Number of protein chains: 2
Amino acid sequence: MNIGEAAKASGLPAKTIRYYEEIGLIRPPRDANGYRAFREADTHKLTFLGRARSLGFSIEECRRLLSLYEDRSRASADVKRVAAEHMRQIEQKIAELEQMRDTLGDLMSRCQGDHRPDCPILDNLAGSKG
Amino acid sequence: MNIGEAAKASGLPAKTIRYYEEIGLIRPPRDANGYRAFREADTHKLTFLGRARSLGFSIEECRRLLSLYEDRSRASADVKRVAAEHMRQIEQKIAELEQMRDTLGDLMSRCQGDHRPDCPILDNLAGSKG
DNA sequence: CTTGACCTTCCCATTACGGGAAGCTTTAGA
DNA sequence: TCTAAAGCTTCCCGTAATGGGAAGGTCAAG
């Protein structure tokens, strides 16, 4: 299976697959012509990586999850720990964004949004007390 | 006022201030010795930029906001438009993160987190139907 | 006069890829 | 069979917004 097919099978762009090989997430063998020869196990790993990435796990977290995935003597507690740490990061990011949303929403609601220059948004950014 | 003082006054690292000069957000003059000489207007701009960045505006959005800030004939509608576009991005990002949080939370709640290898988190990433 | 705190520029590293060039290989069609 | 298109390869550059750190000039204090 060439990279194009592996891309279709996994839903990942070929570029991304090459990158994952470069950083050692997968190690597909090569055919005599130099083309990567993807096995089922490789496309499974790629699909796994795609899903983990879509849940927001970083590449290094994916690497850890992948090694647990391949370790039959893993403890699910180890997987859950990785997930819990990621969950903390997600929740923190959400909290930050909600803070931004609330502040910005407040400023926007106070801005007339007309032809005049007066603007509470700019006033706030400039450091006014209002 | 040297960069160290400007950093304290604005709350931005000196490195960041140099970067903002490099990309043309500020243009402090230089002293005879080559040191940047920050004026009040420069530190005000820096403070403005710091606040805008903390609300999540990109550098390019900051550039636009700064030009509106300096344009006394601006229309507040223009400012509000920039803010509204940014608000959309924030809300979209929040929605994505909440989706991740919910999915991950569900998987975590179903993971025993013990010494055994069975793990719904990995099962899901691997593409199981469960 | 020296030491240490500033300042300068310059270059590399980060994250996770995407774009695109130059050049093979394979495949499909006339 | 020849050719053109499609697919593959590696390689290098660019992204956003800084942070780290080196090499070296400047300044203030003792």
# chains A, B, ... in the order shown; residues from 1 in each chain; ligands from 1
>>> calpha_fit_and_write(fixed="chain B", moving="chain A", output="PDB file with C-alpha atoms, in the first residue's frame")
ATOM      1  CA  MET A   1      13.456  55.768  28.596  1.00  0.00           C
ATOM      2  CA  ASN A   2      15.417  52.612  27.770  1.00  0.00           C
ATOM      3  CA  ILE A   3      13.910  49.283  26.836  1.00  0.00           C
ATOM      4  CA  GLY A   4      14.136  47.941  30.371  1.00  0.00           C
ATOM      5  CA  GLU A   5      12.003  50.723  31.727  1.00  0.00           C
ATOM      6  CA  ALA A   6       9.605  50.459  28.818  1.00  0.00           C
ATOM      7  CA  ALA A   7       9.297  46.777  29.610  1.00  0.00           C
ATOM      8  CA  LYS A   8       8.397  47.514  33.215  1.00  0.00           C
ATOM      9  CA  ALA A   9       6.000  50.259  32.217  1.00  0.00           C
ATOM     10  CA  SER A  10       4.187  48.102  29.687  1.00  0.00           C
ATOM     11  CA  GLY A  11       4.506  44.731  31.340  1.00  0.00           C
ATOM     12  CA  LEU A  12       6.018  43.236  28.193  1.00  0.00           C
ATOM     13  CA  PRO A  13       9.389  41.445  27.989  1.00  0.00           C
ATOM     14  CA  ALA A  14      12.162  43.398  26.265  1.00  0.00           C
ATOM     15  CA  LYS A  15      12.384  40.638  23.681  1.00  0.00           C
ATOM     16  CA  THR A  16       8.764  41.140  22.779  1.00  0.00           C
ATOM     17  CA  ILE A  17       9.222  44.883  22.493  1.00  0.00           C
ATOM     18  CA  ARG A  18      12.129  44.430  20.086  1.00  0.00           C
ATOM     19  CA  TYR A  19      10.016  42.032  18.097  1.00  0.00           C
ATOM     20  CA  TYR A  20       7.169  44.537  17.914  1.00  0.00           C
ATOM     21  CA  GLU A  21       9.581  47.114  16.603  1.00  0.00           C
ATOM     22  CA  GLU A  22      10.950  44.659  14.065  1.00  0.00           C
ATOM     23  CA  ILE A  23       7.496  44.007  12.629  1.00  0.00           C
ATOM     24  CA  GLY A  24       6.675  47.693  12.628  1.00  0.00           C
ATOM     25  CA  LEU A  25       4.156  47.964  15.444  1.00  0.00           C
ATOM     26  CA  ILE A  26       6.210  50.650  17.145  1.00  0.00           C
ATOM     27  CA  ARG A  27       9.010  52.902  15.936  1.00  0.00           C
ATOM     28  CA  PRO A  28      10.945  54.277  18.885  1.00  0.00           C
ATOM     29  CA  PRO A  29      13.790  56.662  17.949  1.00  0.00           C
ATOM     30  CA  ARG A  30      17.362  55.902  18.930  1.00  0.00           C
ATOM     31  CA  ASP A  31      19.775  57.728  21.197  1.00  0.00           C
ATOM     32  CA  ALA A  32      23.295  58.530  20.016  1.00  0.00           C
ATOM     33  CA  ASN A  33      24.532  55.299  21.609  1.00  0.00           C
ATOM     34  CA  GLY A  34      22.082  53.233  19.595  1.00  0.00           C
ATOM     35  CA  TYR A  35      19.748  52.541  22.501  1.00  0.00           C
ATOM     36  CA  ARG A  36      16.030  52.756  21.807  1.00  0.00           C
ATOM     37  CA  ALA A  37      14.499  55.872  23.345  1.00  0.00           C
ATOM     38  CA  PHE A  38      10.902  55.157  24.298  1.00  0.00           C
ATOM     39  CA  ARG A  39       8.482  58.062  24.554  1.00  0.00           C
ATOM     40  CA  GLU A  40       5.222  58.049  26.468  1.00  0.00           C
ATOM     41  CA  ALA A  41       3.327  57.366  23.276  1.00  0.00           C
ATOM     42  CA  ASP A  42       5.452  54.279  22.697  1.00  0.00           C
ATOM     43  CA  THR A  43       4.806  52.807  26.113  1.00  0.00           C
ATOM     44  CA  HIS A  44       1.116  53.554  25.695  1.00  0.00           C
ATOM     45  CA  LYS A  45       1.112  51.636  22.461  1.00  0.00           C
ATOM     46  CA  LEU A  46       2.945  48.765  24.109  1.00  0.00           C
ATOM     47  CA  THR A  47       0.426  48.636  26.924  1.00  0.00           C
ATOM     48  CA  PHE A  48      -2.343  48.707  24.335  1.00  0.00           C
ATOM     49  CA  LEU A  49      -0.710  45.831  22.487  1.00  0.00           C
ATOM     50  CA  GLY A  50      -0.250  43.833  25.658  1.00  0.00           C
ATOM     51  CA  ARG A  51      -3.915  44.146  26.525  1.00  0.00           C
ATOM     52  CA  ALA A  52      -5.074  43.352  23.018  1.00  0.00           C
ATOM     53  CA  ARG A  53      -2.840  40.272  22.957  1.00  0.00           C
ATOM     54  CA  SER A  54      -4.198  39.175  26.314  1.00  0.00           C
ATOM     55  CA  LEU A  55      -7.671  39.267  24.775  1.00  0.00           C
ATOM     56  CA  GLY A  56      -6.366  36.871  22.177  1.00  0.00           C
ATOM     57  CA  PHE A  57      -6.123  39.248  19.221  1.00  0.00           C
ATOM     58  CA  SER A  58      -3.489  38.138  16.721  1.00  0.00           C
ATOM     59  CA  ILE A  59      -0.593  40.415  15.889  1.00  0.00           C
ATOM     60  CA  GLU A  60      -2.261  41.425  12.621  1.00  0.00           C
ATOM     61  CA  GLU A  61      -5.491  42.190  14.432  1.00  0.00           C
ATOM     62  CA  CYS A  62      -3.468  44.218  16.918  1.00  0.00           C
ATOM     63  CA  ARG A  63      -1.918  46.119  14.049  1.00  0.00           C
ATOM     64  CA  ARG A  64      -5.387  46.942  12.749  1.00  0.00           C
ATOM     65  CA  LEU A  65      -6.648  47.926  16.193  1.00  0.00           C
ATOM     66  CA  LEU A  66      -3.597  50.065  16.773  1.00  0.00           C
ATOM     67  CA  SER A  67      -4.136  51.934  13.531  1.00  0.00           C
ATOM     68  CA  LEU A  68      -7.760  52.548  14.509  1.00  0.00           C
ATOM     69  CA  TYR A  69      -6.598  53.627  17.952  1.00  0.00           C
ATOM     70  CA  GLU A  70      -4.378  56.232  16.351  1.00  0.00           C
ATOM     71  CA  ASP A  71      -6.931  57.335  13.784  1.00  0.00           C
ATOM     72  CA  ARG A  72      -9.034  60.069  15.344  1.00  0.00           C
ATOM     73  CA  SER A  73     -11.471  59.963  12.468  1.00  0.00           C
ATOM     74  CA  ARG A  74     -12.132  56.246  12.925  1.00  0.00           C
ATOM     75  CA  ALA A  75     -15.643  54.843  13.122  1.00  0.00           C
ATOM     76  CA  SER A  76     -16.299  52.716  16.184  1.00  0.00           C
ATOM     77  CA  ALA A  77     -18.091  50.347  13.813  1.00  0.00           C
ATOM     78  CA  ASP A  78     -14.715  49.426  12.345  1.00  0.00           C
ATOM     79  CA  VAL A  79     -13.350  48.571  15.768  1.00  0.00           C
ATOM     80  CA  LYS A  80     -16.434  46.578  16.582  1.00  0.00           C
ATOM     81  CA  ARG A  81     -16.115  44.624  13.351  1.00  0.00           C
ATOM     82  CA  VAL A  82     -12.591  43.536  14.237  1.00  0.00           C
ATOM     83  CA  ALA A  83     -13.772  42.560  17.693  1.00  0.00           C
ATOM     84  CA  ALA A  84     -16.754  40.653  16.316  1.00  0.00           C
ATOM     85  CA  GLU A  85     -14.586  38.641  13.980  1.00  0.00           C
ATOM     86  CA  HIS A  86     -12.267  37.784  16.831  1.00  0.00           C
ATOM     87  CA  MET A  87     -15.242  36.881  18.977  1.00  0.00           C
ATOM     88  CA  ARG A  88     -16.349  34.396  16.348  1.00  0.00           C
ATOM     89  CA  GLN A  89     -12.952  32.752  16.425  1.00  0.00           C
ATOM     90  CA  ILE A  90     -12.978  32.585  20.208  1.00  0.00           C
ATOM     91  CA  GLU A  91     -16.402  31.001  20.274  1.00  0.00           C
ATOM     92  CA  GLN A  92     -15.457  28.489  17.645  1.00  0.00           C
ATOM     93  CA  LYS A  93     -12.354  27.528  19.565  1.00  0.00           C
ATOM     94  CA  ILE A  94     -14.375  27.166  22.753  1.00  0.00           C
ATOM     95  CA  ALA A  95     -16.854  24.928  20.958  1.00  0.00           C
ATOM     96  CA  GLU A  96     -14.043  22.735  19.642  1.00  0.00           C
ATOM     97  CA  LEU A  97     -12.469  22.446  23.073  1.00  0.00           C
ATOM     98  CA  GLU A  98     -15.787  21.664  24.704  1.00  0.00           C
ATOM     99  CA  GLN A  99     -16.314  18.917  22.192  1.00  0.00           C
ATOM    100  CA  MET A 100     -12.905  17.495  23.057  1.00  0.00           C
ATOM    101  CA  ARG A 101     -13.608  17.840  26.757  1.00  0.00           C
ATOM    102  CA  ASP A 102     -16.925  16.036  26.483  1.00  0.00           C
ATOM    103  CA  THR A 103     -15.578  13.201  24.390  1.00  0.00           C
ATOM    104  CA  LEU A 104     -12.511  12.773  26.539  1.00  0.00           C
ATOM    105  CA  GLY A 105     -14.532  13.025  29.718  1.00  0.00           C
ATOM    106  CA  ASP A 106     -16.849  10.297  28.526  1.00  0.00           C
ATOM    107  CA  LEU A 107     -13.957   8.008  27.652  1.00  0.00           C
ATOM    108  CA  MET A 108     -12.235   8.694  30.949  1.00  0.00           C
ATOM    109  CA  SER A 109     -15.348   7.946  32.946  1.00  0.00           C
ATOM    110  CA  ARG A 110     -15.520   4.553  31.301  1.00  0.00           C
ATOM    111  CA  CYS A 111     -11.871   3.735  31.942  1.00  0.00           C
ATOM    112  CA  GLN A 112     -11.211   1.739  35.089  1.00  0.00           C
ATOM    113  CA  GLY A 113      -7.787   3.269  35.539  1.00  0.00           C
ATOM    114  CA  ASP A 114      -6.372   0.190  37.186  1.00  0.00           C
ATOM    115  CA  HIS A 115      -3.553  -2.298  36.574  1.00  0.00           C
ATOM    116  CA  ARG A 116      -5.397  -4.083  33.778  1.00  0.00           C
ATOM    117  CA  PRO A 117      -4.745  -3.306  30.099  1.00  0.00           C
ATOM    118  CA  ASP A 118      -8.377  -2.964  29.010  1.00  0.00           C
ATOM    119  CA  CYS A 119      -9.017   0.668  28.187  1.00  0.00           C
ATOM    120  CA  PRO A 120     -11.976   2.335  26.465  1.00  0.00           C
ATOM    121  CA  ILE A 121      -9.798   5.345  25.707  1.00  0.00           C
ATOM    122  CA  LEU A 122      -7.382   3.315  23.612  1.00  0.00           C
ATOM    123  CA  ASP A 123     -10.251   1.300  22.161  1.00  0.00           C
ATOM    124  CA  ASN A 124     -11.857   4.485  20.945  1.00  0.00           C
ATOM    125  CA  LEU A 125      -8.668   5.900  19.496  1.00  0.00           C
ATOM    126  CA  ALA A 126      -8.049   2.615  17.735  1.00  0.00           C
ATOM    127  CA  GLY A 127     -11.429   2.982  16.095  1.00  0.00           C
ATOM    128  CA  SER A 128     -13.587   0.463  17.902  1.00  0.00           C
ATOM    129  CA  LYS A 129     -17.314   0.914  17.688  1.00  0.00           C
ATOM    130  CA  GLY A 130     -17.669   1.097  21.469  1.00  0.00           C
TER     131      GLY A 130
END
>>> interface_residues(of="chain D", to="chain B", cutoff="12 Å", atoms="only C-alpha atoms (C1' of nucleotides)", output="number ranges by chain")
D: 16-20, 25-27
>>> write_last_selection(atoms="N, CA and C atoms (P, O5', C5', C4', C3', O3' and C1' of nucleotides)", output="JSON list (two decimals), in the first residue's frame")
[["chain", "number", "residue", "atom", "x", "y", "z"],
["D", 16, "DA", "P", 1.69, 33.86, 10.18],
["D", 16, "DA", "O5'", 0.84, 33.57, 11.50],
["D", 16, "DA", "C5'", 1.09, 32.43, 12.26],
["D", 16, "DA", "C4'", 0.88, 32.75, 13.73],
["D", 16, "DA", "C3'", 1.21, 34.19, 14.15],
["D", 16, "DA", "O3'", 0.45, 34.48, 15.31],
["D", 16, "DA", "C1'", 2.91, 32.70, 14.92],
["D", 17, "DA", "P", 0.42, 36.00, 15.87],
["D", 17, "DA", "O5'", 1.53, 35.92, 17.02],
["D", 17, "DA", "C5'", 1.31, 35.04, 18.10],
["D", 17, "DA", "C4'", 2.57, 34.96, 18.93],
["D", 17, "DA", "C3'", 3.22, 36.32, 19.26],
["D", 17, "DA", "O3'", 3.56, 36.33, 20.62],
["D", 17, "DA", "C1'", 4.80, 34.85, 18.43],
["D", 18, "DT", "P", 3.81, 37.71, 21.38],
["D", 18, "DT", "O5'", 5.28, 38.12, 20.92],
["D", 18, "DT", "C5'", 6.43, 37.89, 21.73],
["D", 18, "DT", "C4'", 6.68, 36.41, 21.95],
["D", 18, "DT", "C3'", 7.83, 36.12, 22.90],
["D", 18, "DT", "O3'", 7.35, 35.54, 24.09],
["D", 18, "DT", "C1'", 7.96, 34.77, 20.93],
["D", 19, "DG", "P", 8.28, 35.67, 25.38],
["D", 19, "DG", "O5'", 9.35, 34.50, 25.21],
["D", 19, "DG", "C5'", 8.99, 33.16, 25.49],
["D", 19, "DG", "C4'", 10.24, 32.30, 25.55],
["D", 19, "DG", "C3'", 11.34, 32.87, 26.45],
["D", 19, "DG", "O3'", 11.94, 31.78, 27.14],
["D", 19, "DG", "C1'", 12.17, 32.61, 24.25],
["D", 20, "DG", "P", 13.01, 32.06, 28.30],
["D", 20, "DG", "O5'", 14.31, 31.30, 27.79],
["D", 20, "DG", "C5'", 14.26, 30.51, 26.61],
["D", 20, "DG", "C4'", 15.66, 30.07, 26.24],
["D", 20, "DG", "C3'", 16.77, 30.64, 27.12],
["D", 20, "DG", "O3'", 17.77, 29.64, 27.29],
["D", 20, "DG", "C1'", 17.06, 31.41, 24.90],
["D", 25, "DG", "P", 32.95, 45.21, 20.93],
["D", 25, "DG", "O5'", 32.05, 46.48, 21.26],
["D", 25, "DG", "C5'", 31.19, 47.00, 20.24],
["D", 25, "DG", "C4'", 30.11, 47.85, 20.88],
["D", 25, "DG", "C3'", 30.65, 49.00, 21.74],
["D", 25, "DG", "O3'", 29.82, 50.15, 21.58],
["D", 25, "DG", "C1'", 29.30, 47.60, 23.06],
["D", 26, "DT", "P", 30.20, 51.48, 22.42],
["D", 26, "DT", "O5'", 29.29, 51.34, 23.71],
["D", 26, "DT", "C5'", 27.88, 51.32, 23.58],
["D", 26, "DT", "C4'", 27.21, 51.72, 24.89],
["D", 26, "DT", "C3'", 27.83, 52.90, 25.63],
["D", 26, "DT", "O3'", 26.77, 53.67, 26.16],
["D", 26, "DT", "C1'", 27.79, 51.02, 27.05],
["D", 27, "DC", "P", 27.01, 55.16, 26.72],
["D", 27, "DC", "O5'", 26.43, 55.00, 28.20],
["D", 27, "DC", "C5'", 25.39, 54.05, 28.44],
["D", 27, "DC", "C4'", 25.31, 53.72, 29.92],
["D", 27, "DC", "C3'", 25.80, 54.83, 30.85],
["D", 27, "DC", "O3'", 24.90, 54.91, 31.93],
["D", 27, "DC", "C1'", 26.92, 52.84, 31.34]]
>>> select_by_dssp(residues="chain A", states="alpha helix (DSSP H)", output="ChimeraX atom specification")
/A:3-10,14-22,40-54,59-70,76-110,120-125
>>> atom_distance(atom1="atom C1' of DA21 of chain C", atom2="atom C1' of DG14 of chain D")
14.6 Å
>>> closest_atom_pairs(of="chain C", to="chain B", cutoff="12 Å", atoms="only C-alpha atoms (C1' of nucleotides)", output="tab-separated table")
residue	atom	partner	partner_atom	distance
C:DA5	C1'	B:Gly4	CA	11.1
C:DC6	C1'	B:Gly4	CA	8.1
C:DC7	C1'	B:Tyr35	CA	6.4
C:DT8	C1'	B:Gly34	CA	7.4
C:DT9	C1'	B:Arg18	CA	10.8
>>> write_last_selection(atoms="all heavy atoms", output="compact mmCIF listing (two decimals), in the first residue's frame")
# COMPACT_ATOMS: atom_id res chain seq x y z
P DA C 5 24.75 42.19 38.32
OP1 DA C 5 24.27 41.72 39.65
OP2 DA C 5 25.07 41.20 37.28
O5' DA C 5 23.69 43.22 37.76
C5' DA C 5 23.71 44.57 38.24
C4' DA C 5 23.33 45.52 37.11
O4' DA C 5 24.45 45.69 36.21
C3' DA C 5 22.17 45.02 36.24
O3' DA C 5 21.28 46.11 36.00
C2' DA C 5 22.84 44.59 34.96
C1' DA C 5 24.00 45.57 34.88
N9 DA C 5 25.11 45.14 34.05
C8 DA C 5 25.74 43.94 34.03
N7 DA C 5 26.72 43.85 33.16
C5 DA C 5 26.74 45.10 32.56
C6 DA C 5 27.54 45.66 31.56
N6 DA C 5 28.53 45.00 30.95
N1 DA C 5 27.29 46.94 31.20
C2 DA C 5 26.30 47.59 31.80
N3 DA C 5 25.47 47.18 32.77
C4 DA C 5 25.75 45.91 33.10
P DC C 6 19.72 45.82 35.73
OP1 DC C 6 18.94 46.58 36.71
OP2 DC C 6 19.52 44.35 35.60
O5' DC C 6 19.48 46.45 34.31
C5' DC C 6 20.29 46.03 33.23
C4' DC C 6 20.54 47.20 32.32
O4' DC C 6 21.95 47.23 32.07
C3' DC C 6 19.82 46.99 31.00
O3' DC C 6 19.02 48.09 30.62
C2' DC C 6 20.92 46.79 29.98
C1' DC C 6 22.20 47.18 30.68
N1 DC C 6 23.23 46.13 30.40
C2 DC C 6 24.20 46.41 29.45
O2 DC C 6 24.20 47.52 28.90
N3 DC C 6 25.11 45.45 29.13
C4 DC C 6 25.07 44.28 29.74
N4 DC C 6 25.97 43.37 29.41
C5 DC C 6 24.07 43.98 30.75
C6 DC C 6 23.17 44.93 31.04
P DC C 7 17.93 47.82 29.51
OP1 DC C 7 17.05 48.98 29.52
OP2 DC C 7 17.41 46.45 29.67
O5' DC C 7 18.80 47.85 28.15
C5' DC C 7 19.26 49.10 27.66
C4' DC C 7 20.23 48.90 26.52
O4' DC C 7 21.34 48.10 26.99
C3' DC C 7 19.67 48.07 25.36
O3' DC C 7 19.06 48.88 24.38
C2' DC C 7 20.93 47.45 24.76
C1' DC C 7 21.92 47.46 25.89
N1 DC C 7 22.35 46.10 26.31
C2 DC C 7 23.41 45.50 25.65
O2 DC C 7 23.98 46.12 24.74
N3 DC C 7 23.80 44.26 26.02
C4 DC C 7 23.17 43.63 27.00
N4 DC C 7 23.59 42.41 27.34
C5 DC C 7 22.07 44.23 27.70
C6 DC C 7 21.69 45.45 27.32
P DT C 8 18.34 48.12 23.15
OP1 DT C 8 17.62 49.18 22.40
OP2 DT C 8 17.62 46.97 23.68
O5' DT C 8 19.52 47.58 22.25
C5' DT C 8 20.41 48.49 21.62
C4' DT C 8 21.41 47.76 20.75
O4' DT C 8 22.31 46.99 21.59
C3' DT C 8 20.79 46.73 19.81
O3' DT C 8 20.40 47.31 18.58
C2' DT C 8 21.97 45.78 19.59
C1' DT C 8 22.73 45.84 20.89
N1 DT C 8 22.53 44.67 21.78
C2 DT C 8 23.37 43.60 21.67
O2 DT C 8 24.26 43.54 20.85
N3 DT C 8 23.12 42.59 22.54
C4 DT C 8 22.15 42.53 23.51
O4 DT C 8 22.04 41.55 24.25
C5 DT C 8 21.28 43.68 23.56
C7 DT C 8 20.16 43.72 24.56
C6 DT C 8 21.51 44.69 22.71
P DT C 9 19.42 46.51 17.65
OP1 DT C 9 18.97 47.45 16.61
OP2 DT C 9 18.46 45.82 18.52
O5' DT C 9 20.35 45.39 16.99
C5' DT C 9 21.53 45.76 16.28
C4' DT C 9 22.32 44.51 15.92
O4' DT C 9 22.63 43.76 17.13
C3' DT C 9 21.58 43.56 14.98
O3' DT C 9 22.44 43.17 13.91
C2' DT C 9 21.21 42.38 15.86
C1' DT C 9 22.29 42.40 16.93
N1 DT C 9 21.83 41.88 18.23
C2 DT C 9 22.48 40.82 18.80
O2 DT C 9 23.44 40.28 18.30
N3 DT C 9 21.97 40.40 20.01
C4 DT C 9 20.90 40.93 20.68
O4 DT C 9 20.52 40.47 21.75
C5 DT C 9 20.24 42.04 20.03
C7 DT C 9 19.06 42.69 20.67
C6 DT C 9 20.73 42.46 18.85
>>> atom_distance(atom1="atom C1' of DT26 of chain C", atom2="atom C1' of DA5 of chain D")
10.4 Å
>>> atom_distance(atom1="atom C1' of DG23 of chain C", atom2="atom C1' of DG7 of chain D")
12.7 Å
>>> residues_around(residues="DG21 of chain D", least_positions_apart="4", cutoff="12 Å", atoms="only C-alpha atoms (C1' of nucleotides)", output="ChimeraX atom specification")
/C:10-13
